[in-house]
Amino acid sequence: MNLFKQKQALLAPLIVLVIAVIFSLTLASTVNPTPKNLPIAIVNLDQGVTIPSKGNVNMGAMMVSKVNELGKSTSDEPAIKWIRVSSEEKVRNGLHDRKYYAALVIPKDLSIKQASLKTANPSSATIQLLINQGMNSNASTMANQLLAHLIENINLNTRTEIFNELDKKGVTLSAKQASILANPIISTVENVNPIGTHASGGNAPVVLITPLWMSSLIGAVIVFFAKKKSLLSKAANRFKIIIEQLVLAIILAFVAGFGITLMANWIGINLPNFVDTALFLTIAYFCFHILISAVMSWIGLGGVGIFALIFFFSGSIIGMAPELLPNFTRDWIYSWVPMRFGADGLRGIFYFGEGISMSHSMKVLLWIGAVSLILLLSSTLKSKKEIKEHTVSIQH
């Protein structure tokens, strides 16, 4: 027999190429992450200053206006989406609620300090940068770099303007004036909701949710085979086996949830609260397990391929901020994959002190579990013929 005359052998190169291309697409989103519409808050506390020749001048308002114009001046999506906030208290609440990756707080004396730069006793103004590390380490780092670049450009323009004006007047700068004009605006950086140490660079939630997803997939497959070995035909008996399946899923959920948390603690990941982390992983496992079991109860082992693809396509992106992803990846993959909600829920526990609460991620996971439970229970209504066909196919 000539192997190359077989249809499967002739199709193998094409199949391998298609699979290689498909799975290579999972890397495309992580090669060159570029920020688009990264939400950053700006707070203007500047009270302005009265200048005899110009009247009331508010440098903070001018800065806000300028950054807004920069965001609108490009035809493509801007890197920063500026959001005006009225007070520092409100912006800090917004950072805790994960609305912004960073915030720029303009001090109340900015105009006064800027006006002093042209006098014999100049003073540098201090702008505060609040970096929301816990929201996403990569995105918050980019936000920090973008804000630092903005401050650098403002300093450059301010120096150039003042030097030109003083040069026209023939004014000689003192050592103090030269030192202040080197950095007319100083920025101080405060990390809000910090990721701390031993947190896998802020990716600890992804590190934990990945083995949990694979555990739930393997656990659901094992239970699926055990369930199909029972040739039950009566609806009441099939319902009983579903209840037993749910009990086993609960046991597996606690084993996986607390087991993964114990391993994380053992390898040195800094856990903010052991019990909260373990319970969240337990709930997430149960919801994932029931989701996979419900799909397999209706379409059989083909469901395994679906959830394996979900893992491969989402594993490399769930740790990224959506604003760093290509539009297609963000809208059609990241927005709905179950693993993403598990990672987001853990992020709230690790960096935002949410604990076990009804956060958005928790609500989505519970909805996934509830709908999947209904689908799983309704599978008992399948006909006797369908049950036997699935069983026979597995036995062979």
# chains A, B, ... in the order shown; residues from 1 in each chain; ligands from 1

$ closest_atom_pairs --of "region 93-132 of chain A" --to "region 155-174 of chain A" --cutoff "12 Å" --atoms "only C-alpha atoms" --output "Markdown table"
| residue | atom | partner | partner_atom | distance |
| --- | --- | --- | --- | --- |
| A:Gln114 | CA | A:Thr158 | CA | 8.8 |
| A:Ala115 | CA | A:Ile162 | CA | 10.3 |
| A:Ser116 | CA | A:Ile162 | CA | 11.0 |
| A:Leu117 | CA | A:Ile162 | CA | 7.8 |
| A:Lys118 | CA | A:Ile162 | CA | 7.0 |
| A:Thr119 | CA | A:Leu173 | CA | 10.0 |
| A:Ala120 | CA | A:Ser174 | CA | 8.0 |
| A:Asn121 | CA | A:Ser174 | CA | 9.7 |
| A:Pro122 | CA | A:Ser174 | CA | 10.5 |
| A:Ser124 | CA | A:Asn155 | CA | 10.4 |
| A:Ala125 | CA | A:Asn155 | CA | 10.7 |
| A:Thr126 | CA | A:Asn155 | CA | 11.8 |
| A:Ile127 | CA | A:Asn155 | CA | 11.8 |

$ write_last_selection --atoms "C-alpha atoms" --output "PDB file, in the first residue's frame"
ATOM      1  CA  GLN A 114       4.115  79.304  35.862  1.00  0.00           C
ATOM      2  CA  ALA A 115       3.868  83.104  36.203  1.00  0.00           C
ATOM      3  CA  SER A 116       6.778  83.064  38.661  1.00  0.00           C
ATOM      4  CA  LEU A 117       9.068  81.530  36.049  1.00  0.00           C
ATOM      5  CA  LYS A 118       9.562  84.962  34.469  1.00  0.00           C
ATOM      6  CA  THR A 119      10.539  86.558  37.764  1.00  0.00           C
ATOM      7  CA  ALA A 120      13.749  86.580  39.777  1.00  0.00           C
ATOM      8  CA  ASN A 121      12.265  84.015  42.206  1.00  0.00           C
ATOM      9  CA  PRO A 122      10.808  81.221  40.041  1.00  0.00           C
ATOM     10  CA  SER A 124       8.398  74.765  39.779  1.00  0.00           C
ATOM     11  CA  ALA A 125       4.841  73.448  39.782  1.00  0.00           C
ATOM     12  CA  THR A 126       4.182  69.828  40.771  1.00  0.00           C
ATOM     13  CA  ILE A 127       1.701  67.748  38.771  1.00  0.00           C
TER      14      ILE A 127
END

$ residues_around --residues "Gly60 (chain A)" --least-positions-apart "4" --cutoff "9 Å" --atoms "only C-alpha atoms" --output "mmCIF file with C-alpha atoms, in the first residue's frame"
data_model
loop_
_atom_site.group_PDB
_atom_site.id
_atom_site.type_symbol
_atom_site.label_atom_id
_atom_site.label_comp_id
_atom_site.auth_asym_id
_atom_site.auth_seq_id
_atom_site.Cartn_x
_atom_site.Cartn_y
_atom_site.Cartn_z
ATOM 1 C CA VAL A 43 -8.381 66.850 37.037
ATOM 2 C CA ASN A 44 -7.872 70.598 36.883
ATOM 3 C CA LEU A 45 -7.616 72.177 40.339
ATOM 4 C CA ASP A 46 -5.814 75.281 39.060
ATOM 5 C CA GLN A 47 -7.303 78.507 40.458
ATOM 6 C CA GLY A 48 -5.590 80.719 37.900
ATOM 7 C CA VAL A 64 -6.871 70.513 29.504
ATOM 8 C CA SER A 65 -7.977 72.182 26.286
ATOM 9 C CA ILE A 106 -3.213 69.632 37.935
ATOM 10 C CA PRO A 107 -2.458 71.530 41.181
ATOM 11 C CA LYS A 108 -4.320 74.656 42.252
ATOM 12 C CA LEU A 110 -0.062 75.838 38.552
ATOM 13 C CA SER A 111 -0.774 79.290 37.063
#

$ closest_residue --among "A:Thr50, A:Thr34, A:Thr380, A:Ser335" --to "Lys240 (chain A)" --atoms "only C-alpha atoms"
A:Thr380

$ residues_around --residues "Lys227 (chain A)" --least-positions-apart "5" --cutoff "10 Å" --atoms "only C-alpha atoms" --output "PyMOL selection string"
chain A and resi 221-222+232+238+241-242+244-245+297+391

$ closest_residue --among "A:Leu38, A:Met358, A:Met214, A:Met263" --to "Met135 (chain A)" --atoms "only C-alpha atoms"
A:Leu38

$ residues_around --residues "Asn193 (chain A)" --least-positions-apart "6" --cutoff "7 Å" --atoms "only C-alpha atoms" --output "PyMOL selection string"
chain A and resi 132-134+351-352

$ select_by_dssp --residues "region 140-326 of chain A" --states "alpha helix (DSSP H)" --output "ChimeraX atom specification"
/A:140-169,175-182,204-228,235-267,274-299,302-314

$ closest_residue --among "A:Asn153, A:Ser293, A:Asn237, A:Asn270" --to "Leu217 (chain A)" --atoms "only C-alpha atoms"
A:Ser293

$ atom_distance --atom1 "CA of Gly257 (chain A)" --atom2 "CA of Ser140 (chain A)"
29.2 Å

$ residues_around --residues "Gly196 (chain A)" --least-positions-apart "2" --cutoff "12 Å" --atoms "only C-alpha atoms" --output "list in words"
Gln133, Gly134, Ser137, Asn191, Val192, Asn193, Pro194, His198, Ala199, Ser200, Gly201, Gly202, Asn203, Ala204, Ile269, Asn270, Leu271, Pro272, Phe350, Tyr351 and Phe352 of chain A

$ closest_residue --among "A:Met296, A:Ala12, A:Ala308, A:Leu291" --to "Thr210 (chain A)" --atoms "only C-alpha atoms"
A:Ala308

$ atom_distance --atom1 "CA of Met62 (chain A)" --atom2 "CA of Ile154 (chain A)"
11.5 Å
